[in-house]
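Engineer: Just start-v5.txt, nothing more (compact mmCIF, C-alpha atoms):
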```txt
# COMPACT_ATOMS: atom_id res chain seq x y z
CA ASP Q 1 17.50 -15.31 -3.88
CA PHE Q 2 15.40 -13.82 -1.14
CA LEU Q 3 15.32 -10.44 0.57
CA ASP Q 4 14.48 -10.24 4.26
CA LEU Q 5 12.44 -7.19 5.26
CA LEU Q 6 13.66 -6.95 8.08
CA CYS Q 7 15.89 -9.59 6.48
CA GLY Q 8 16.90 -12.89 8.00
CA ALA Q 9 20.04 -14.85 7.15
CA SER Q 10 20.02 -16.91 3.98
CA ARG Q 11 21.84 -20.08 2.96
CA ASP Q 12 22.99 -19.91 -0.64
CA ARG Q 13 22.53 -22.80 -3.02
CA ASN Q 14 23.05 -23.13 -6.75
CA LEU Q 15 22.69 -19.58 -7.97
CA GLY Q 16 20.98 -19.27 -11.30
CA ALA Q 17 20.65 -16.32 -13.57
CA GLY Q 18 18.12 -12.71 -13.65
CA ALA Q 19 18.10 -8.03 -12.78
CA VAL Q 20 16.08 -5.24 -11.45
CA SER Q 21 14.28 -2.38 -13.08
CA GLY Q 22 12.33 0.44 -11.59
CA GLY Q 23 13.14 2.73 -8.69
CA GLU Q 24 16.17 4.98 -8.64
CA GLU Q 25 18.68 2.65 -10.29
CA PRO Q 26 17.02 0.48 -12.99
CA VAL Q 27 18.96 -2.36 -14.59
CA ASP Q 28 18.26 -4.34 -17.79
CA ASP Q 29 18.23 -8.01 -18.67
CA VAL Q 30 17.60 -11.54 -17.98
CA ALA Q 31 16.94 -15.02 -16.86
CA ASN Q 32 16.98 -17.92 -14.43
CA ARG Q 33 17.01 -18.57 -10.73
CA GLY Q 34 18.47 -21.15 -8.37
CA MET Q 35 16.93 -22.67 -5.25
CA ARG Q 36 17.20 -22.26 -1.52
CA GLU Q 37 15.92 -24.42 1.34
CA THR Q 38 14.00 -22.77 4.14
CA ALA Q 39 12.09 -24.62 6.86
CA GLY Q 40 12.10 -27.76 4.75
CA GLU Q 41 10.74 -26.15 1.61
CA SER Q 42 12.42 -25.23 -1.61
CA ARG Q 43 12.48 -21.52 -2.44
CA PRO Q 44 13.87 -19.48 -5.31
CA PHE Q 45 17.26 -18.01 -4.32
CA PRO Q 46 18.00 -14.61 -3.69
CA PHE Q 47 15.75 -13.19 -1.00
CA ALA Q 48 14.67 -10.29 1.10
CA ASP Q 49 13.12 -10.10 4.57
CA TRP Q 50 11.00 -7.31 6.09
CA LEU Q 51 10.61 -6.80 9.85
CA TRP Q 52 7.14 -6.04 11.24
CA PRO Q 53 6.03 -5.43 14.86
CA ARG Q 54 2.94 -7.60 14.69
CA ALA Q 55 1.46 -10.61 16.41
CA GLY Q 56 1.74 -14.10 14.98
CA GLU Q 57 4.84 -15.95 13.83
CA CYS Q 58 7.80 -13.91 15.00
CA ALA Q 59 11.42 -14.37 14.10
CA GLY Q 60 12.71 -14.07 17.62
CA VAL Q 61 15.61 -11.91 16.45
CA THR Q 62 16.82 -9.18 18.76
CA LEU Q 63 18.96 -6.07 18.70
CA GLU Q 64 20.47 -7.08 22.02
CA HIS Q 65 23.88 -8.02 20.62
CA MET Q 66 23.88 -5.78 17.56
CA SER Q 67 27.01 -3.72 17.02
CA ARG Q 68 26.51 -2.25 13.53
CA VAL Q 69 23.54 -0.67 11.76
CA ALA Q 70 23.85 0.46 8.12
CA ILE Q 71 21.76 3.45 7.02
CA ILE Q 72 20.87 4.11 3.38
CA SER Q 73 18.97 7.30 2.52
CA LYS Q 74 17.20 8.90 -0.40
CA PRO Q 75 18.84 12.12 -1.66
CA GLN Q 76 17.29 15.54 -1.18
CA LYS Q 77 14.73 14.67 1.50
CA GLU Q 78 14.19 17.56 3.92
CA GLU Q 79 12.92 15.20 6.64
CA LEU Q 80 16.42 13.73 6.99
CA ARG Q 81 17.87 16.96 8.43
CA GLN Q 82 16.19 16.29 11.75
CA LEU Q 83 15.65 12.54 11.52
CA LEU Q 84 19.20 11.36 10.82
CA PRO Q 85 21.02 13.18 13.66
CA ASP Q 86 18.35 11.94 16.10
CA LEU Q 87 18.53 8.40 14.72
CA VAL Q 88 22.33 8.27 14.96
CA LEU Q 89 22.15 9.49 18.59
CA TRP Q 90 19.48 6.89 19.40
CA LEU Q 91 21.49 4.04 17.91
CA THR Q 92 24.67 5.14 19.64
CA ALA Q 93 22.89 5.46 22.97
CA HIS Q 94 21.65 1.87 22.57
CA GLY Q 95 25.15 0.52 21.92
CA HIS Q 96 25.08 0.31 18.12
CA GLU Q 97 27.56 1.66 15.59
CA PRO Q 98 25.91 3.54 12.69
CA LEU Q 99 27.41 2.94 9.22
CA LEU Q 100 26.35 5.70 6.86
CA ASP Q 101 26.18 5.85 3.09
CA PRO Q 102 27.37 9.16 1.56
CA VAL Q 103 23.83 10.55 1.27
CA SER Q 104 23.12 9.92 4.97
CA ALA Q 105 26.48 11.38 5.97
CA ASN Q 106 25.49 14.76 4.51
CA TYR Q 107 23.03 15.24 7.38
CA VAL Q 108 25.11 14.25 10.42
CA MET Q 109 28.39 15.29 12.01
CA GLU Q 110 29.23 11.84 13.42
CA GLY Q 111 29.24 8.27 12.12
CA LYS Q 112 31.44 6.30 9.76
CA VAL Q 113 30.90 6.94 6.04
CA HIS Q 114 31.23 4.16 3.47
CA PRO Q 115 30.36 3.84 -0.24
CA ARG Q 116 26.95 2.23 -0.54
CA GLN Q 117 28.27 -0.76 -2.49
CA ASP Q 118 30.76 -1.53 0.34
CA LEU Q 119 28.26 -1.62 3.20
CA SER Q 120 27.46 -5.30 2.76
CA SER Q 121 31.11 -6.30 3.23
CA LEU Q 122 31.09 -4.60 6.66
CA ASN Q 123 28.61 -7.22 7.92
CA PRO Q 124 26.02 -4.98 9.60
CA ASP Q 125 23.35 -6.64 11.71
CA LEU Q 126 20.59 -4.41 10.38
CA VAL Q 127 19.96 -2.09 7.43
CA ILE Q 128 17.68 0.93 7.82
CA VAL Q 129 16.42 2.34 4.52
CA LEU Q 130 15.09 5.91 4.61
CA GLY Q 131 13.32 6.76 1.36
CA GLY Q 132 10.86 5.34 -1.12
CA ASP Q 133 10.55 2.06 -2.97
CA GLY Q 134 13.39 3.01 -5.33
CA THR Q 135 15.80 3.44 -2.41
CA LEU Q 136 14.76 0.05 -1.06
CA LEU Q 137 15.33 -1.59 -4.45
CA ALA Q 138 18.84 -0.13 -4.55
CA ALA Q 139 19.53 -1.40 -1.01
CA ALA Q 140 18.15 -4.83 -1.88
CA ARG Q 141 20.73 -5.23 -4.66
CA VAL Q 142 23.55 -4.31 -2.29
CA PHE Q 143 22.47 -6.72 0.47
CA ALA Q 144 20.83 -9.50 -1.60
CA ARG Q 145 23.44 -12.14 -0.69
CA SER Q 146 24.22 -10.99 2.84
CA GLY Q 147 21.24 -12.25 4.81
CA VAL Q 148 21.00 -8.90 6.61
CA PRO Q 149 17.46 -7.79 7.61
CA ILE Q 150 16.14 -4.51 6.20
CA LEU Q 151 13.87 -2.06 8.01
CA SER Q 152 12.36 0.21 5.34
CA VAL Q 153 10.93 3.61 6.32
CA ASN Q 154 8.73 5.44 3.84
CA LEU Q 155 9.87 8.95 2.85
CA GLY Q 156 8.81 8.58 -0.78
CA ALA Q 157 5.57 8.92 -2.71
CA LEU Q 158 4.60 5.28 -3.40
CA GLY Q 159 5.41 3.20 -0.35
CA PHE Q 160 4.28 -0.19 -1.70
CA LEU Q 161 7.40 -1.76 -0.15
CA THR Q 162 8.47 0.88 2.38
CA GLU Q 163 5.38 0.67 4.55
CA VAL Q 164 6.89 1.77 7.89
CA ARG Q 165 5.82 5.33 8.64
CA LEU Q 166 8.42 7.88 9.72
CA THR Q 167 6.65 8.39 13.05
CA ASP Q 168 6.88 4.64 13.81
CA ILE Q 169 10.60 4.07 13.25
CA TYR Q 170 11.58 3.95 16.93
CA THR Q 171 8.58 1.79 17.79
CA HIS Q 172 9.81 -0.76 15.26
CA LEU Q 173 13.39 -0.61 16.50
CA GLU Q 174 12.30 -1.05 20.12
CA ALA Q 175 9.97 -3.92 19.19
CA TRP Q 176 12.76 -5.69 17.34
CA GLY Q 177 15.05 -5.20 20.32
CA LYS Q 178 12.48 -7.08 22.41
CA GLY Q 179 12.13 -9.89 19.85
CA ALA Q 180 8.55 -8.79 19.12
CA CYS Q 181 8.85 -8.40 15.35
CA CYS Q 182 8.22 -10.74 12.44
CA ILE Q 183 10.46 -11.29 9.43
CA GLU Q 184 8.87 -11.44 5.99
CA SER Q 185 10.94 -12.97 3.19
CA ARG Q 186 10.55 -11.84 -0.44
CA ALA Q 187 11.84 -13.79 -3.46
CA MET Q 188 14.44 -12.10 -5.65
CA LEU Q 189 16.00 -12.78 -9.04
CA HIS Q 190 19.63 -13.24 -9.98
CA SER Q 191 20.38 -12.24 -13.59
CA GLU Q 192 23.27 -12.89 -15.93
CA LEU Q 193 23.79 -11.33 -19.36
CA TRP Q 194 25.85 -13.52 -21.73
CA ARG Q 195 27.29 -12.38 -25.07
CA ASP Q 196 29.35 -14.54 -27.41
CA GLY Q 197 29.68 -17.23 -24.75
CA LYS Q 198 31.05 -14.82 -22.13
CA LEU Q 199 29.43 -13.43 -18.98
CA ASN Q 200 28.97 -9.71 -19.61
CA CYS Q 201 27.35 -8.67 -16.30
CA GLU Q 202 25.12 -9.92 -13.49
CA HIS Q 203 22.65 -8.27 -11.13
CA GLU Q 204 20.25 -9.01 -8.28
CA ALA Q 205 16.60 -7.94 -8.56
CA LEU Q 206 13.83 -7.56 -6.01
CA ASN Q 207 11.19 -6.37 -8.49
CA ASP Q 208 11.96 -7.48 -12.03
CA VAL Q 209 14.33 -8.10 -14.91
CA VAL Q 210 13.58 -6.24 -18.14
CA VAL Q 211 14.88 -7.14 -21.59
CA ALA Q 212 14.01 -4.36 -24.03
CA LYS Q 213 14.78 -3.34 -27.59
CA GLY Q 214 17.22 -0.56 -28.44
CA ALA Q 215 15.65 1.01 -31.52
CA ILE Q 216 12.35 2.79 -30.84
CA ALA Q 217 10.76 1.90 -34.19
CA ARG Q 218 11.47 -1.84 -34.11
CA MET Q 219 9.97 -4.75 -32.22
CA GLY Q 220 12.12 -7.50 -30.77
CA HIS Q 221 11.79 -11.26 -31.25
CA PHE Q 222 11.73 -13.10 -27.90
CA ALA Q 223 11.89 -16.73 -26.85
CA VAL Q 224 11.19 -17.74 -23.24
CA GLU Q 225 12.53 -21.04 -21.89
CA VAL Q 226 11.77 -22.67 -18.53
CA ASP Q 227 14.18 -25.41 -17.42
CA SER Q 228 15.61 -25.46 -20.98
CA GLN Q 229 12.15 -26.10 -22.41
CA LEU Q 230 10.63 -23.58 -24.83
CA ALA Q 231 7.61 -21.92 -23.18
CA ALA Q 232 6.72 -19.08 -25.56
CA THR Q 233 7.85 -17.02 -28.54
CA PHE Q 234 6.53 -13.58 -29.43
CA ARG Q 235 7.29 -10.21 -30.96
CA ALA Q 236 7.13 -7.23 -28.58
CA ASP Q 237 8.86 -4.09 -27.39
CA GLY Q 238 10.34 -6.12 -24.55
CA VAL Q 239 9.68 -8.70 -21.85
CA ILE Q 240 9.49 -8.40 -18.06
CA VAL Q 241 10.41 -11.24 -15.70
CA ALA Q 242 9.02 -10.24 -12.29
CA THR Q 243 8.86 -11.58 -8.76
CA PRO Q 244 5.54 -11.51 -6.88
CA THR Q 245 6.84 -8.37 -5.13
CA GLY Q 246 7.46 -6.80 -8.54
CA SER Q 247 4.00 -7.72 -9.80
CA THR Q 248 2.71 -4.29 -8.67
CA ALA Q 249 5.45 -2.42 -10.56
CA TYR Q 250 6.34 -2.40 -14.28
CA SER Q 251 4.62 -5.75 -14.90
CA LEU Q 252 1.28 -4.39 -13.67
CA ALA Q 253 1.59 -1.34 -15.95
CA ALA Q 254 2.22 -3.73 -18.86
CA GLY Q 255 -0.96 -5.69 -18.12
CA GLY Q 256 0.41 -8.40 -15.82
CA PRO Q 257 -1.46 -9.85 -12.80
CA VAL Q 258 -0.98 -8.88 -9.16
CA MET Q 259 0.44 -11.72 -7.04
CA VAL Q 260 0.57 -12.29 -3.29
CA PRO Q 261 4.25 -11.83 -2.26
CA ARG Q 262 4.58 -15.31 -0.73
CA VAL Q 263 3.49 -17.18 -3.86
CA ASP Q 264 6.40 -19.17 -5.34
CA VAL Q 265 6.15 -18.00 -8.98
CA MET Q 266 7.84 -15.82 -11.57
CA LEU Q 267 5.80 -13.63 -13.91
CA VAL Q 268 6.66 -13.28 -17.61
CA THR Q 269 4.93 -10.22 -19.07
CA PRO Q 270 5.45 -9.06 -22.68
CA ILE Q 271 5.67 -5.30 -23.25
CA CYS Q 272 3.27 -4.18 -26.01
CA PRO Q 273 3.27 -7.58 -27.81
CA HIS Q 274 2.22 -7.83 -31.45
CA GLN Q 275 -1.20 -9.50 -31.64
```
Show me the file's structure as structure tokens.
Structural biologist:
Amino acid sequence: DFLDLLCGASRDRNLGAGAVSGGEEPVDDVANRGMRETAGESRPFPFADWLWPRAGECAGVTLEHMSRVAIISKPQKEELRQLLPDLVLWLTAHGHEPLLDPVSANYVMEGKVHPRQDLSSLNPDLVIVLGGDGTLLAAARVFARSGVPILSVNLGALGFLTEVRLTDIYTHLEAWGKGACCIESRAMLHSELWRDGKLNCEHEALNDVVVAKGAIARMGHFAVEVDSQLAATFRADGVIVATPTGSTAYSLAAGGPVMVPRVDVMLVTPICPHQ
């Protein structure tokens, strides 16, 4: 999978298995990934695209015909009291229909309110994320299969992923409306947890999938396979499977390398392995 920040449309192929940890809504567990074709090259499927107002290769997308814009916000951010009413008015004045998650709706009197998990089914043309990296990770799971671009605005403390400053939000929106922005795609993971031959749950992950032990005092025994071939076995507190985007998150804290986001790799990082 891939995530488009600002995200471009994706064409699904052969979904594999994977989940996300970190941010506001961490998830545990698992494995594989399928493939996607983009511009003649094979890429791991899910994905995410960022929009940037910069020179170079631009996506050529435009807000000209947009009718719906989803807004996902981080709870308890004082900046939203002024920002969200102004943003809703700006979008409405430019002919767009704001779709608000419940957190965003707390700050405005107008706009349609929808549960966050239902926003993808409403087929918005753009998602605006107001918060930190954790809010973006949550939004990425909701829109992982939709091909909707995401514009992420930093209201949090870290901002590794949400690099757009609050003061630049309208500059970015205007630039995209003129087709002057670039789309950056980020690889994602699709995870499936199987127990006793049955699918227990599945998740999408922008950062990483974490398989960890339950008991604090015991180490787990792990086997890692790639394309059904055994790659490694070890004893550890857990194992992290990360995307290049997630290489600066939990994997880095566990001693993993930092990867350039466009590199087509997955990282496997043991957590406190027994030497």
Engineer: For each of Q:Ala70, Q:Ala212, Q:Val88, Q:Val224, take the minimum atom-to-atom distance to Ile150 in chain Q, counting all atoms listed in the file, then give the residue where this is smallest.
Structural biologist: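 Between Q:Ala70, Q:Ala212, Q:Val88, Q:Val224, the residue approaching Ile150 in chain Q most closely is Q:Ala70.
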Engineer: With all atoms listed in the file as the basis for distance, which of Q:Leu91, Q:Val209, Q:Ala253, Q:Val260 is at the shortest distance from Val239 in chain Q?
Structural biologist: Q:Val209
Engineer: Between CA of Ile71 in chain Q and CA of Ser104 in chain Q, measure the distance and give it in Å to one decimal.
Structural biologist: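 Pair CA of Ile71 in chain Q / CA of Ser104 in chain Q returns 6.9 Å.
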Engineer: From the options Q:Thr248, Q:Asn106, Q:Asn154, Q:Ser67, which residue's atoms come nearest to Leu84 in chain Q, counting all atoms listed in the file?
Structural biologist: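 Under the stated criterion, the closest residue is Q:Asn106.
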Engineer: Between Q:Ser251, Q:Thr167, Q:Ser152, Q:Ser228, which is the closest to Ala138 in chain Q once you count only C-alpha atoms?
Structural biologist: Q:Ser152
Engineer: Tell me, in Å to one decimal, how far CA of Phe222 in chain Q is from CA of Asp196 in chain Q.
Structural biologist: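 So the answer is 17.7 Å.
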Engineer: In Å, with one decimal, what is the gap from CA of Leu130 in chain Q to CA of Lys178 in chain Q?
Structural biologist: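 Distance reported for this atom pair: 22.2 Å.
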Engineer: For each of Q:Ala105, Q:Ala205, Q:Leu189, Q:Leu100, take the minimum atom-to-atom distance to Val142 in chain Q, counting all atoms listed in the file, then give the residue where this is smallest.
Structural biologist: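 Closest to Val142 in chain Q of all the choices is Q:Ala205.
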Engineer: So, counting only C-alpha atoms, which residue among Q:Val263, Q:Val103, Q:Cys181, Q:Val129 is closest to Glu163 in chain Q?
Structural biologist: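 Closest to Glu163 in chain Q of all the choices is Q:Val129.
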Engineer: If you count all atoms listed in the file, which residues fall within 8 Å of Glu79 in chain Q, apart from same-chain ones fewer than 3 positions away, as a ChimeraX atom specification?
Structural biologist: /Q:82-83,155
Engineer: Can you tell me which residues surround Thr233 in chain Q at a distance of at most 10 Å, considering all atoms listed in the file, apart from same-chain residues fewer than 3 positions away, and format the answer as a list in words?
Structural biologist: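 In the requested format, the answer is His221, Phe222, Ala223, Val224, Glu225, Leu230 and Ala236 of chain Q.
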Engineer: Taking (-0.6, -3.5, -18.8) in the file's coordinates as the center, which residues reach within 12 Å of it, counting only C-alpha atoms, put as a PyMOL selection string?
Structural biologist: chain Q and resi 239-240+247-258+269-273
Engineer: Select, counting all atoms listed in the file, all protein, DNA and RNA residues no farther than 10 Å from (22.7, -3.8, -4.9) in file coordinates, and express the selection as a short mmCIF file (atom, residue, chain, number, x, y, z; two decimals) with C-alpha atoms, keeping the file's coordinate frame.
Structural biologist:
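Final output, saved to selection-v2.cif:
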```cif
data_model
loop_
_atom_site.label_atom_id
_atom_site.label_comp_id
_atom_site.auth_asym_id
_atom_site.auth_seq_id
_atom_site.Cartn_x
_atom_site.Cartn_y
_atom_site.Cartn_z
CA VAL Q 20 16.08 -5.24 -11.45
CA GLU Q 25 18.68 2.65 -10.29
CA ARG Q 116 26.95 2.23 -0.54
CA GLN Q 117 28.27 -0.76 -2.49
CA ASP Q 118 30.76 -1.53 0.34
CA SER Q 120 27.46 -5.30 2.76
CA LEU Q 136 14.76 0.05 -1.06
CA LEU Q 137 15.33 -1.59 -4.45
CA ALA Q 138 18.84 -0.13 -4.55
CA ALA Q 139 19.53 -1.40 -1.01
CA ALA Q 140 18.15 -4.83 -1.88
CA ARG Q 141 20.73 -5.23 -4.66
CA VAL Q 142 23.55 -4.31 -2.29
CA PHE Q 143 22.47 -6.72 0.47
CA ALA Q 144 20.83 -9.50 -1.60
CA ARG Q 145 23.44 -12.14 -0.69
CA HIS Q 203 22.65 -8.27 -11.13
CA GLU Q 204 20.25 -9.01 -8.28
CA ALA Q 205 16.60 -7.94 -8.56
CA LEU Q 206 13.83 -7.56 -6.01
#
```
